[in-house]
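Heads up, final_34.cif below (mmCIF, C-alpha atoms):
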```
data_coords
loop_
_atom_site.label_atom_id
_atom_site.label_comp_id
_atom_site.auth_asym_id
_atom_site.auth_seq_id
_atom_site.Cartn_x
_atom_site.Cartn_y
_atom_site.Cartn_z
CA MET A 1 0.65 42.66 17.39
CA GLY A 2 0.93 40.08 20.09
CA THR A 3 -1.15 37.29 21.39
CA SER A 4 -3.71 37.74 24.10
CA PRO A 5 -4.28 35.19 26.84
CA PHE A 6 -7.17 33.84 24.75
CA GLY A 7 -4.97 33.19 21.77
CA LEU A 8 -6.48 36.02 19.75
CA PRO A 9 -4.24 38.48 17.89
CA PHE A 10 -4.88 41.54 20.06
CA ALA A 11 -2.49 44.44 20.47
CA ALA A 12 0.09 43.57 23.08
CA LEU A 13 1.64 45.99 25.50
CA GLU A 14 5.23 46.97 24.95
CA VAL A 15 6.70 49.24 27.56
CA GLY A 16 10.24 50.38 27.86
CA GLN A 17 11.39 48.80 24.64
CA HIS A 18 13.25 50.95 22.17
CA LEU A 19 14.41 50.83 18.61
CA TYR A 20 18.10 51.49 18.96
CA TRP A 21 20.13 53.28 16.34
CA GLN A 22 23.83 52.84 16.90
CA PHE A 23 26.41 55.35 15.70
CA GLY A 24 29.80 54.17 16.92
CA LYS A 25 29.49 54.12 20.72
CA ILE A 26 26.44 56.38 20.69
CA ARG A 27 23.01 54.85 20.89
CA ILE A 28 19.77 56.71 20.41
CA HIS A 29 16.09 55.82 20.47
CA GLY A 30 15.16 55.66 16.82
CA GLN A 31 11.37 55.63 17.33
CA VAL A 32 11.48 58.93 19.21
CA PHE A 33 13.33 60.65 16.41
CA MET A 34 11.22 59.09 13.68
CA THR A 35 7.96 60.35 15.19
CA SER A 36 9.45 63.70 16.16
CA TRP A 37 10.72 64.27 12.60
CA ILE A 38 7.34 63.40 11.12
CA LEU A 39 5.53 65.71 13.57
CA ILE A 40 8.07 68.53 13.22
CA GLY A 41 7.75 68.13 9.46
CA ALA A 42 3.97 68.46 9.70
CA LEU A 43 4.31 71.50 11.96
CA LEU A 44 6.81 73.18 9.63
CA THR A 45 4.63 72.39 6.60
CA LEU A 46 1.68 74.06 8.30
CA VAL A 47 3.82 77.07 9.17
CA VAL A 48 5.29 77.37 5.69
CA VAL A 49 1.89 77.02 4.01
CA GLY A 50 0.32 79.53 6.41
CA THR A 51 3.04 82.17 6.07
CA LYS A 52 3.55 81.85 2.32
CA LYS A 53 1.20 84.64 1.35
CA MET A 54 0.32 86.74 4.36
CA GLU A 55 -2.09 89.62 4.04
CA ARG A 56 -3.54 92.26 6.29
CA ASP A 57 -6.91 90.53 6.03
CA PRO A 58 -5.93 87.02 7.09
CA LYS A 59 -7.28 84.04 5.17
CA GLY A 60 -7.29 80.32 5.87
CA VAL A 61 -4.23 78.94 7.64
CA GLN A 62 -2.95 82.44 8.36
CA ASN A 63 -5.87 82.83 10.77
CA LEU A 64 -4.84 79.73 12.67
CA LEU A 65 -1.20 80.81 12.81
CA GLU A 66 -2.12 84.28 14.00
CA PHE A 67 -4.37 82.80 16.65
CA LEU A 68 -1.49 80.60 17.84
CA TRP A 69 0.91 83.54 17.73
CA ASP A 70 -1.46 85.69 19.74
CA TYR A 71 -2.06 82.90 22.24
CA ILE A 72 1.68 82.37 22.73
CA ARG A 73 2.31 86.11 22.99
CA ASP A 74 -0.33 86.45 25.70
CA LEU A 75 1.15 83.49 27.55
CA ALA A 76 4.69 84.86 27.34
CA ARG A 77 3.63 88.40 28.16
CA THR A 78 1.59 87.54 31.24
CA GLN A 79 4.28 85.23 32.67
CA ILE A 80 7.52 86.98 31.66
CA GLY A 81 6.44 90.58 31.66
CA GLU A 82 6.28 93.39 29.16
CA LYS A 83 10.01 94.12 29.18
CA VAL A 84 11.70 90.99 27.89
CA TYR A 85 8.92 88.70 26.71
CA ARG A 86 9.84 89.33 23.08
CA ASP A 87 13.23 87.63 23.54
CA TRP A 88 11.68 84.49 24.98
CA MET A 89 8.49 84.23 22.99
CA PRO A 90 10.02 81.98 20.27
CA PHE A 91 11.40 79.59 22.88
CA ILE A 92 8.15 79.40 24.88
CA GLY A 93 6.18 79.09 21.64
CA THR A 94 8.42 76.33 20.33
CA LEU A 95 8.07 74.42 23.59
CA PHE A 96 4.31 74.76 23.46
CA LEU A 97 3.98 73.85 19.80
CA PHE A 98 6.47 70.97 19.95
CA ILE A 99 4.91 69.42 23.04
CA PHE A 100 1.38 70.00 21.77
CA VAL A 101 2.12 68.51 18.36
CA SER A 102 3.99 65.60 19.97
CA ASN A 103 1.20 64.83 22.42
CA TRP A 104 -1.63 65.08 19.93
CA GLY A 105 0.34 63.43 17.17
CA GLY A 106 1.13 60.55 19.50
CA ALA A 107 -2.54 60.21 20.39
CA LEU A 108 -4.21 60.83 17.02
CA ILE A 109 -1.97 59.14 14.46
CA PRO A 110 -2.35 55.33 14.37
CA TRP A 111 1.37 54.65 14.77
CA LYS A 112 0.76 51.05 15.80
CA LEU A 113 0.01 50.19 12.19
CA ILE A 114 3.70 50.64 11.45
CA GLU A 115 5.61 47.67 12.78
CA LEU A 116 9.11 48.19 14.09
CA PRO A 117 11.62 45.44 14.80
CA SER A 118 11.69 46.59 18.41
CA GLY A 119 9.69 49.08 20.42
CA GLU A 120 6.82 51.02 18.91
CA LEU A 121 6.12 54.49 17.59
CA GLY A 122 4.34 56.93 19.85
CA ALA A 123 4.42 60.42 21.26
CA PRO A 124 8.03 61.66 21.49
CA THR A 125 7.07 63.19 24.84
CA ALA A 126 6.36 59.72 26.25
CA ASP A 127 10.12 59.15 26.26
CA ILE A 128 11.95 60.39 29.36
CA ASN A 129 14.89 61.58 27.24
CA THR A 130 12.71 64.10 25.41
CA THR A 131 11.06 65.51 28.50
CA VAL A 132 14.33 65.77 30.42
CA ALA A 133 15.93 67.46 27.41
CA LEU A 134 13.10 70.02 27.34
CA ALA A 135 13.22 70.54 31.10
CA LEU A 136 17.00 71.06 31.07
CA LEU A 137 16.62 73.57 28.24
CA VAL A 138 14.15 75.44 30.44
CA SER A 139 16.63 75.41 33.34
CA LEU A 140 19.41 76.72 31.12
CA SER A 141 17.07 79.36 29.74
CA TYR A 142 16.04 80.81 33.04
CA PHE A 143 19.61 80.91 34.28
CA TYR A 144 20.65 82.59 31.06
CA ALA A 145 17.69 84.99 31.20
CA GLY A 146 18.45 85.96 34.80
CA LEU A 147 22.20 86.36 34.28
CA SER A 148 21.93 88.23 31.00
CA ASN A 149 19.28 90.61 32.33
CA LYS A 150 20.60 91.29 35.79
CA GLY A 151 24.18 90.03 35.77
CA LEU A 152 25.37 88.74 39.12
CA ARG A 153 22.48 90.52 40.82
CA TYR A 154 20.50 87.53 39.63
CA PHE A 155 21.72 85.67 42.70
CA GLU A 156 19.94 88.17 44.95
CA TYR A 157 16.92 86.10 43.99
CA TYR A 158 18.30 83.28 46.15
CA VAL A 159 18.26 85.37 49.30
CA HIS A 160 15.03 87.15 48.55
CA PRO A 161 13.21 88.10 50.72
CA THR A 162 15.41 86.60 53.48
CA PRO A 163 18.63 84.53 53.42
CA ILE A 164 16.65 81.72 55.06
CA MET A 165 15.26 81.01 51.60
CA LEU A 166 18.70 80.11 50.21
CA PRO A 167 18.56 76.31 50.65
CA PHE A 168 14.98 76.16 49.38
CA LYS A 169 15.83 78.17 46.31
CA ILE A 170 18.81 75.95 45.59
CA VAL A 171 16.67 72.85 45.95
CA GLU A 172 14.13 74.49 43.66
CA ASP A 173 16.71 74.65 40.87
CA PHE A 174 16.79 70.86 40.95
CA THR A 175 13.11 70.23 41.53
CA LYS A 176 12.01 72.52 38.72
CA PRO A 177 13.45 70.43 35.84
CA LEU A 178 12.62 67.25 37.70
CA SER A 179 8.96 68.12 38.12
CA LEU A 180 8.68 69.56 34.62
CA SER A 181 10.11 66.48 32.96
CA PHE A 182 8.32 63.90 35.08
CA ARG A 183 4.96 65.64 34.92
CA LEU A 184 5.00 65.64 31.13
CA PHE A 185 6.53 62.18 30.79
CA GLY A 186 4.18 60.63 33.35
CA ASN A 187 1.04 62.16 31.94
CA ILE A 188 1.69 61.25 28.34
CA LEU A 189 3.02 57.77 29.09
CA ALA A 190 0.13 57.08 31.46
CA ASP A 191 -2.34 58.25 28.86
CA GLU A 192 -0.82 55.97 26.25
CA LEU A 193 -0.75 53.07 28.70
CA VAL A 194 -4.34 53.55 29.84
CA VAL A 195 -5.54 53.60 26.24
CA ALA A 196 -3.37 50.60 25.36
CA VAL A 197 -4.59 48.60 28.38
CA LEU A 198 -8.22 49.47 27.67
CA VAL A 199 -7.83 48.57 24.01
CA PHE A 200 -6.18 45.35 25.16
CA LEU A 201 -9.05 44.50 27.51
CA VAL A 202 -12.11 46.01 25.77
CA PRO A 203 -11.32 46.77 22.16
CA LEU A 204 -14.63 48.49 21.38
CA VAL A 205 -16.24 51.80 22.44
CA LEU A 206 -14.90 51.96 25.98
CA PRO A 207 -11.45 53.39 25.07
CA VAL A 208 -12.99 56.27 23.09
CA PRO A 209 -13.91 58.57 26.03
CA VAL A 210 -10.52 57.80 27.58
CA MET A 211 -8.92 58.79 24.29
CA PHE A 212 -10.78 62.12 24.39
CA LEU A 213 -9.68 62.59 27.97
CA GLY A 214 -6.16 61.84 26.73
CA LEU A 215 -6.41 64.58 24.10
CA PHE A 216 -7.56 67.00 26.79
CA THR A 217 -4.69 66.02 29.10
CA SER A 218 -2.23 66.32 26.24
CA ALA A 219 -3.27 69.88 25.43
CA ILE A 220 -3.26 70.83 29.10
CA GLN A 221 0.22 69.37 29.59
CA ALA A 222 1.60 71.38 26.67
CA LEU A 223 0.06 74.52 28.14
CA ILE A 224 1.34 73.74 31.65
CA PHE A 225 4.87 73.08 30.43
CA ALA A 226 5.01 76.28 28.40
CA THR A 227 3.39 78.35 31.16
CA LEU A 228 5.77 77.04 33.82
CA ALA A 229 8.78 77.59 31.58
CA ALA A 230 7.64 81.16 30.97
CA TYR A 231 6.95 81.62 34.69
CA TYR A 232 10.44 80.43 35.65
CA ILE A 233 12.02 82.80 33.12
CA GLY A 234 9.77 85.62 34.35
CA GLU A 235 10.79 84.86 37.93
CA ALA A 236 14.46 85.02 36.95
CA VAL A 237 14.22 88.39 35.17
CA GLU A 238 11.87 89.98 37.70
CA GLU A 239 13.30 93.01 39.48
CA HIS A 240 13.13 92.95 43.29
CA HIS A 241 12.74 96.24 45.02
CA MET B 242 24.68 53.88 30.10
CA THR B 243 22.02 54.14 32.75
CA SER B 244 19.67 51.35 32.07
CA LEU B 245 17.05 50.49 34.64
CA LEU B 246 15.11 47.38 33.90
CA PHE B 247 11.36 47.83 33.91
CA PHE B 248 8.45 45.69 32.90
CA GLY B 249 10.61 42.82 31.84
CA ALA B 250 12.31 44.52 28.92
CA SER B 251 15.59 42.79 28.22
CA GLU B 252 17.39 46.07 27.75
CA GLY B 253 16.37 49.70 27.88
CA GLY B 254 13.34 50.30 30.05
CA LEU B 255 11.36 53.39 30.81
CA PHE B 256 14.26 55.36 32.27
CA ASP B 257 16.82 54.53 29.64
CA PHE B 258 18.92 57.68 29.23
CA ASP B 259 21.27 57.83 26.28
CA ALA B 260 22.34 60.16 23.49
CA THR B 261 18.66 60.75 22.66
CA LEU B 262 18.63 63.41 25.37
CA PRO B 263 21.29 65.83 24.07
CA LEU B 264 20.27 65.20 20.47
CA MET B 265 16.64 65.98 21.30
CA ALA B 266 17.76 69.12 23.14
CA ALA B 267 19.78 70.20 20.09
CA GLN B 268 16.84 69.40 17.85
CA VAL B 269 14.50 71.55 19.95
CA VAL B 270 16.97 74.44 19.96
CA LEU B 271 17.29 74.13 16.20
CA LEU B 272 13.49 74.02 15.93
CA THR B 273 13.32 77.19 18.02
CA TYR B 274 15.53 79.03 15.53
CA ILE B 275 13.66 77.62 12.53
CA LEU B 276 10.25 78.50 13.98
CA ASN B 277 11.53 81.94 14.95
CA ALA B 278 12.56 82.59 11.36
CA LEU B 279 9.56 80.93 9.70
CA PHE B 280 6.76 81.58 12.16
CA PHE B 281 7.27 84.00 15.03
CA LYS B 282 9.02 86.79 13.13
CA PRO B 283 6.84 86.93 9.99
CA VAL B 284 3.53 86.40 11.79
CA GLY B 285 4.57 88.86 14.48
CA ARG B 286 5.43 91.41 11.82
CA VAL B 287 2.03 91.02 10.14
CA VAL B 288 0.09 91.11 13.41
CA GLU B 289 1.98 94.11 14.74
CA GLU B 290 1.65 95.95 11.44
CA ARG B 291 -2.07 95.38 11.60
CA GLU B 292 -2.21 96.50 15.23
CA ASN B 293 -0.31 99.66 14.29
CA PHE B 294 -2.59 100.20 11.31
CA VAL B 295 -5.67 99.87 13.51
CA LEU B 296 -4.15 102.17 16.11
CA THR B 297 -3.21 104.87 13.60
CA SER B 298 -6.56 104.59 11.85
CA GLN B 299 -8.25 104.99 15.19
CA THR B 300 -6.26 108.09 16.11
CA GLU B 301 -6.81 109.52 12.65
CA ALA B 302 -10.52 108.88 12.94
CA LYS B 303 -10.52 110.52 16.36
CA GLN B 304 -8.72 113.55 14.97
CA LYS B 305 -11.17 113.79 12.11
CA LEU B 306 -14.07 113.48 14.52
CA ALA B 307 -12.65 116.27 16.65
CA GLU B 308 -12.22 118.41 13.53
CA VAL B 309 -15.77 117.71 12.46
CA GLU B 310 -17.04 118.58 15.90
CA LYS B 311 -15.08 121.83 15.82
CA LEU B 312 -16.47 122.69 12.40
CA GLU B 313 -19.95 121.84 13.59
CA ALA B 314 -19.54 124.10 16.60
CA ASP B 315 -18.25 126.86 14.33
CA LEU B 316 -21.18 126.44 12.04
CA ARG B 317 -23.56 126.50 14.97
CA ASN B 318 -21.98 129.73 16.23
CA GLN B 319 -22.26 131.27 12.79
CA LEU B 320 -25.85 130.21 12.57
CA LYS B 321 -26.56 131.66 16.00
CA GLU B 322 -24.92 134.95 15.03
CA ALA B 323 -26.81 135.06 11.75
CA ARG B 324 -30.05 134.47 13.63
CA LYS B 325 -29.14 137.18 16.08
CA SER B 326 -28.35 139.70 13.36
CA ALA B 327 -31.50 138.78 11.45
CA GLN B 328 -33.48 139.31 14.64
CA LYS B 329 -31.78 142.66 15.07
CA VAL B 330 -32.62 143.66 11.52
CA ILE B 331 -36.21 142.62 12.07
CA THR B 332 -36.57 144.58 15.31
CA GLU B 333 -34.89 147.56 13.74
CA ALA B 334 -37.24 147.42 10.79
CA GLU B 335 -40.19 147.07 13.15
CA GLU B 336 -39.03 150.02 15.21
CA ASP B 337 -38.49 152.03 12.05
CA SER B 338 -41.93 151.30 10.71
CA GLU B 339 -43.41 152.02 14.13
CA ARG B 340 -41.56 155.30 14.28
CA LEU B 341 -42.54 156.21 10.73
CA TYR B 342 -46.12 155.31 11.45
CA LYS B 343 -46.12 157.42 14.58
CA GLU B 344 -44.47 160.30 12.76
CA ALA B 345 -46.92 160.09 9.90
CA LEU B 346 -49.76 159.86 12.37
CA ALA B 347 -48.53 162.85 14.28
CA LEU B 348 -48.01 164.81 11.10
CA ALA B 349 -51.46 163.96 9.87
CA ASN B 350 -52.94 164.80 13.26
CA SER B 351 -51.21 168.13 13.39
CA GLU B 352 -52.18 168.91 9.83
CA ALA B 353 -55.73 167.97 10.54
CA ASN B 354 -55.69 170.08 13.69
CA ALA B 355 -54.16 172.95 11.79
CA SER B 356 -56.70 172.85 9.02
CA LYS B 357 -59.45 172.44 11.59
CA GLU B 358 -58.09 175.48 13.40
CA ASN B 359 -57.83 177.38 10.14
CA ALA B 360 -61.34 176.48 9.22
CA ARG B 361 -62.55 177.54 12.65
CA LEU B 362 -60.68 180.79 12.38
CA GLU B 363 -62.08 181.30 8.91
CA ILE B 364 -65.54 180.53 10.13
CA ASP B 365 -65.05 182.84 13.07
CA SER B 366 -63.74 185.66 10.90
CA GLN B 367 -66.49 185.21 8.35
CA ARG B 368 -69.05 185.03 11.06
CA GLN B 369 -67.50 188.13 12.58
CA SER B 370 -67.52 189.93 9.27
CA ALA B 371 -71.01 188.73 8.59
CA LEU B 372 -72.06 189.95 12.02
CA ASN B 373 -70.32 193.25 11.38
CA GLN B 374 -72.01 193.50 8.00
CA LEU B 375 -75.27 192.61 9.59
CA LYS B 376 -74.70 195.12 12.33
CA SER B 377 -73.78 197.88 9.89
CA ASP B 378 -76.71 196.93 7.68
CA ALA B 379 -78.99 197.00 10.69
CA ASP B 380 -77.55 200.34 11.72
CA LYS B 381 -78.09 201.74 8.23
CA LEU B 382 -81.59 200.33 8.14
CA GLY B 383 -82.29 201.79 11.54
CA ASP B 384 -80.94 205.15 10.44
CA LEU B 385 -83.02 204.94 7.29
CA ILE B 386 -86.14 204.03 9.25
CA VAL B 387 -85.49 206.79 11.70
CA LYS B 388 -84.91 209.33 8.81
CA ARG B 389 -88.06 208.24 7.01
CA LEU B 390 -90.10 208.40 10.20
CA LEU B 391 -88.72 211.83 10.94
CA ALA B 392 -89.27 213.01 7.39
CA ALA B 393 -92.88 211.84 7.43
CA LYS B 394 -93.66 213.88 10.50
#
```
Just give me the structure as structure tokens.
Amino acid sequence: MGTSPFGLPFAALEVGQHLYWQFGKIRIHGQVFMTSWILIGALLTLVVVGTKKMERDPKGVQNLLEFLWDYIRDLARTQIGEKVYRDWMPFIGTLFLFIFVSNWGGALIPWKLIELPSGELGAPTADINTTVALALLVSLSYFYAGLSNKGLRYFEYYVHPTPIMLPFKIVEDFTKPLSLSFRLFGNILADELVVAVLVFLVPLVLPVPVMFLGLFTSAIQALIFATLAAYYIGEAVEEHH
Amino acid sequence: MTSLLFFGASEGGLFDFDATLPLMAAQVVLLTYILNALFFKPVGRVVEERENFVLTSQTEAKQKLAEVEKLEADLRNQLKEARKSAQKVITEAEEDSERLYKEALALANSEANASKENARLEIDSQRQSALNQLKSDADKLGDLIVKRLLAAK
């Protein structure tokens, strides 16, 4: 809580402040890990509860999990292709679920009620470290997918269909993680900021539609991230003829 | 440590990269393995088992349907043949009775003709004999008349 220009105890904006945890010379953002552990815990609880007693006629949470599984399989299969999608489905699915849970958890859970000495709790995906980590994992994955599936022939991709493409394809390897990470980071941070600013200015009613819009954006961003990751992997394992 | 100052924060800022990045990457990789073991593999197994079950049930049902259709066709053929043979039996019986009727009719006709003929012949012969008798009687009577007339003279 801070103090508004009118001297009333309204929520104040805190941007770019972090709760630092120091281990020797290493410093990490504590609030990111705290929220991510809570959300991962919730996700794992749901998964464990849903898979505890699975039957051929699904009941309760098993339905939800099977729907998610099916959704992720379709996503992976359409983007990566029938041949290798099984290898990458857990990775794509984890990206989707982690980002989705982070985005929605950041938007739906009233983290601001928990006071931290510095910084504030929020969506883990609103921290650039998280999104860059995810984007770099995607980069590593598609390189690994291409090299493990096609060996050195993977680099044919850089001169396909003509060698003129070479510089563009090399630039793409840098722009892909950059755009992935900044798209997610920007969207989620902007959503949190818009809601925070609106709550700061007009505390009643007006922020609610923006919050719903935020939920929509959050879901879309998770889907976009997972789809693009799958598309990059599919592009890397695709056979050129 | 890269620390760009933004929005007046004394340290940190929006683009504050530190050990959070590799740790988060490791955490996500770990989460991938955990979710693979807890979620993707077991749910995938159940879903694929069900898909296989549905597929095999469908093929089985199709096979059974084909069998049923074959049996039905067989039955229909048998029925057709049975009808055909029954029809044959009926026509044969009809022909037989027709033939028997005709034979009986012919026999009766011929018998009737024969007896008619016999009767006619009988009548003819009797008439003939009667005529002969009559003629001989008339002759005798004539002779007698003539004798008596001659005797009286």
query = What gap, in Å, lies between CA of Val15 (chain A) and CA of Asn103 (chain A)?
reply = 17.3 Å
request  = Step by step, work through what the PyMOL selection byres ((chain A) within 7 of (chain B)) selects in the shown file, and finish by giving those residues as a list of chain:residue names.
outcome  =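 Checked against the file, the PyMOL selection byres ((chain A) within 7 of (chain B)) matches A:Val15, A:Gly16, A:Gln17, A:His18, A:Ile26, A:Arg27, A:Ile28, A:His29, A:Val47, A:Val48, A:Arg56, A:Glu66, A:Trp69, A:Pro90, A:Phe91, A:Thr94, A:Ile128, A:Asn129, A:Thr130, A:Ala133, A:Leu134, A:Leu137.
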ask   = Do you have the CA of Ser351 (chain B)-CA of Ala334 (chain B) distance handy?
value =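 Computing it gives 25.1 Å between the two atoms.
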key: Nearby residues (all atoms listed in the file) at most 12 Å from Glu172 (chain A), same-chain spacing under 6 positions excluded, as a PyMOL selection string   = chain A and resi 139+157-158+165-166+178-180+232
With C-alpha atoms retained, export the selected residues as a PDB file, keeping the file's coordinate frame.
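What follows is the written file out-v2.pdb:
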```pdb
ATOM      1  CA  SER A 139      16.630  75.410  33.340  1.00  0.00           C
ATOM      2  CA  TYR A 157      16.920  86.100  43.990  1.00  0.00           C
ATOM      3  CA  TYR A 158      18.300  83.280  46.150  1.00  0.00           C
ATOM      4  CA  MET A 165      15.260  81.010  51.600  1.00  0.00           C
ATOM      5  CA  LEU A 166      18.700  80.110  50.210  1.00  0.00           C
ATOM      6  CA  LEU A 178      12.620  67.250  37.700  1.00  0.00           C
ATOM      7  CA  SER A 179       8.960  68.120  38.120  1.00  0.00           C
ATOM      8  CA  LEU A 180       8.680  69.560  34.620  1.00  0.00           C
ATOM      9  CA  TYR A 232      10.440  80.430  35.650  1.00  0.00           C
TER      10      TYR A 232
END
```
key: Length of the CA of Thr125 (chain A) to CA of Ser218 (chain A) vector [Å]   = 9.9 Å
task = Between A:Asp191, A:Ser141, A:Val199, A:Ile38, single out the one closest to Trp88 (chain A), counting only C-alpha atoms.
result = A:Ser141
Option closest in space to Ala135 (chain A), from A:Ala219, A:Leu95, A:Leu39, A:Leu65 [counting all atoms listed in the file] = A:Leu95
Which centre and edge lengths in Å to one decimal define the box along x, y and z that fits every listed atom of region 101-108 of chain A plus 3 Å per side, as lines of an AutoDock Vina configuration file?
```
center_x = -0.1
center_y = 64.4
center_z = 19.7
size_x = 14.2
size_y = 14.3
size_z = 11.4
```
task = Place a sphere of radius 12 Å on (1.3, 58.5, 13.6) in the file coordinates and name every protein, DNA or RNA residue with an atom inside or on its surface, counting only C-alpha atoms; give the answer as number ranges by chain.
result = A: 31-32, 34-39, 42, 101-115, 120-124
May I have the selected residues written with C-alpha atoms, as a PDB file, keeping the file's coordinate frame?
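So part-v9.pdb came out as:
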```
ATOM      1  CA  GLN A  31      11.370  55.630  17.330  1.00  0.00           C
ATOM      2  CA  VAL A  32      11.480  58.930  19.210  1.00  0.00           C
ATOM      3  CA  MET A  34      11.220  59.090  13.680  1.00  0.00           C
ATOM      4  CA  THR A  35       7.960  60.350  15.190  1.00  0.00           C
ATOM      5  CA  SER A  36       9.450  63.700  16.160  1.00  0.00           C
ATOM      6  CA  TRP A  37      10.720  64.270  12.600  1.00  0.00           C
ATOM      7  CA  ILE A  38       7.340  63.400  11.120  1.00  0.00           C
ATOM      8  CA  LEU A  39       5.530  65.710  13.570  1.00  0.00           C
ATOM      9  CA  ALA A  42       3.970  68.460   9.700  1.00  0.00           C
ATOM     10  CA  VAL A 101       2.120  68.510  18.360  1.00  0.00           C
ATOM     11  CA  SER A 102       3.990  65.600  19.970  1.00  0.00           C
ATOM     12  CA  ASN A 103       1.200  64.830  22.420  1.00  0.00           C
ATOM     13  CA  TRP A 104      -1.630  65.080  19.930  1.00  0.00           C
ATOM     14  CA  GLY A 105       0.340  63.430  17.170  1.00  0.00           C
ATOM     15  CA  GLY A 106       1.130  60.550  19.500  1.00  0.00           C
ATOM     16  CA  ALA A 107      -2.540  60.210  20.390  1.00  0.00           C
ATOM     17  CA  LEU A 108      -4.210  60.830  17.020  1.00  0.00           C
ATOM     18  CA  ILE A 109      -1.970  59.140  14.460  1.00  0.00           C
ATOM     19  CA  PRO A 110      -2.350  55.330  14.370  1.00  0.00           C
ATOM     20  CA  TRP A 111       1.370  54.650  14.770  1.00  0.00           C
ATOM     21  CA  LYS A 112       0.760  51.050  15.800  1.00  0.00           C
ATOM     22  CA  LEU A 113       0.010  50.190  12.190  1.00  0.00           C
ATOM     23  CA  ILE A 114       3.700  50.640  11.450  1.00  0.00           C
ATOM     24  CA  GLU A 115       5.610  47.670  12.780  1.00  0.00           C
ATOM     25  CA  GLU A 120       6.820  51.020  18.910  1.00  0.00           C
ATOM     26  CA  LEU A 121       6.120  54.490  17.590  1.00  0.00           C
ATOM     27  CA  GLY A 122       4.340  56.930  19.850  1.00  0.00           C
ATOM     28  CA  ALA A 123       4.420  60.420  21.260  1.00  0.00           C
ATOM     29  CA  PRO A 124       8.030  61.660  21.490  1.00  0.00           C
TER      30      PRO A 124
END
```
Neighbouring residues of Pro177 (chain A) were defined as those with any atom within 8 Å, considering all atoms listed in the file; residues of the same chain fewer than 4 positions away were excluded. Please report them as a short mmCIF file (atom, residue, chain, number, x, y, z; two decimals) with C-alpha atoms, keeping the file's coordinate frame.
```
data_model
loop_
_atom_site.label_atom_id
_atom_site.label_comp_id
_atom_site.auth_asym_id
_atom_site.auth_seq_id
_atom_site.Cartn_x
_atom_site.Cartn_y
_atom_site.Cartn_z
CA VAL A 132 14.33 65.77 30.42
CA ALA A 135 13.22 70.54 31.10
CA LEU A 136 17.00 71.06 31.07
CA VAL A 138 14.15 75.44 30.44
CA SER A 139 16.63 75.41 33.34
CA ASP A 173 16.71 74.65 40.87
CA SER A 181 10.11 66.48 32.96
#
```
request  = For the structure shown, which residues end up in the PyMOL selection byres ((chain A and resi 146) around 9)? Put them as a list in words, please?
outcome  =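 Here the PyMOL selection byres ((chain A and resi 146) around 9) matches Ser141, Tyr142, Phe143, Tyr144, Ala145, Leu147, Ser148, Asn149, Lys150, Gly151, Leu152, Arg153, Tyr154, Phe155, Ile233, Gly234, Glu235, Ala236, Val237 and Glu238 of chain A.
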query = Residues picked by the PyMOL selection byres ((chain A and resi 206-211) around 12) here, as a list of chain:residue names?
reply =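 Applied to this file, the PyMOL selection byres ((chain A and resi 206-211) around 12) selects A:Asn103, A:Trp104, A:Gly106, A:Ala107, A:Leu108, A:Ile188, A:Ala190, A:Asp191, A:Glu192, A:Leu193, A:Val194, A:Val195, A:Ala196, A:Val197, A:Leu198, A:Val199, A:Phe200, A:Leu201, A:Val202, A:Pro203, A:Leu204, A:Val205, A:Phe212, A:Leu213, A:Gly214, A:Leu215, A:Phe216, A:Thr217, A:Ser218.
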task = Find the spatial neighbours of Ile72 (chain A), counting all atoms listed in the file, within a cut-off of 8 Å - ignore same-chain residues fewer than 5 positions away - and output them as a PyMOL selection string.
result = chain A and resi 89+92-93
Same residues, C-alpha atoms, saved as an mmCIF file, in the frame of the given file:
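Once written, result.cif looks like this:
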```
data_model
loop_
_atom_site.group_PDB
_atom_site.id
_atom_site.type_symbol
_atom_site.label_atom_id
_atom_site.label_comp_id
_atom_site.auth_asym_id
_atom_site.auth_seq_id
_atom_site.Cartn_x
_atom_site.Cartn_y
_atom_site.Cartn_z
ATOM 1 C CA MET A 89 8.490 84.230 22.990
ATOM 2 C CA ILE A 92 8.150 79.400 24.880
ATOM 3 C CA GLY A 93 6.180 79.090 21.640
#
```
Complete the atoms of region 144-150 of chain A to N, CA and C atoms and put them out as an mmCIF file, keeping the file's coordinate frame.
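Saved to selection_16.cif:
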```
data_model
loop_
_atom_site.group_PDB
_atom_site.id
_atom_site.type_symbol
_atom_site.label_atom_id
_atom_site.label_comp_id
_atom_site.auth_asym_id
_atom_site.auth_seq_id
_atom_site.Cartn_x
_atom_site.Cartn_y
_atom_site.Cartn_z
ATOM 1 N N TYR A 144 20.120 81.643 32.047
ATOM 2 C CA TYR A 144 20.650 82.590 31.060
ATOM 3 C C TYR A 144 19.866 83.895 31.096
ATOM 4 N N ALA A 145 18.525 83.776 31.181
ATOM 5 C CA ALA A 145 17.690 84.990 31.200
ATOM 6 C C ALA A 145 18.040 85.847 32.401
ATOM 7 N N GLY A 146 18.152 85.199 33.587
ATOM 8 C CA GLY A 146 18.450 85.960 34.800
ATOM 9 C C GLY A 146 19.821 86.609 34.716
ATOM 10 N N LEU A 147 20.832 85.825 34.304
ATOM 11 C CA LEU A 147 22.200 86.360 34.280
ATOM 12 C C LEU A 147 22.354 87.427 33.209
ATOM 13 N N SER A 148 21.730 87.242 32.063
ATOM 14 C CA SER A 148 21.930 88.230 31.000
ATOM 15 C C SER A 148 21.150 89.508 31.278
ATOM 16 N N ASN A 149 20.062 89.404 32.045
ATOM 17 C CA ASN A 149 19.280 90.610 32.330
ATOM 18 C C ASN A 149 19.790 91.373 33.535
ATOM 19 N N LYS A 150 20.249 90.617 34.546
ATOM 20 C CA LYS A 150 20.600 91.290 35.790
ATOM 21 C C LYS A 150 22.045 91.075 36.201
#
```
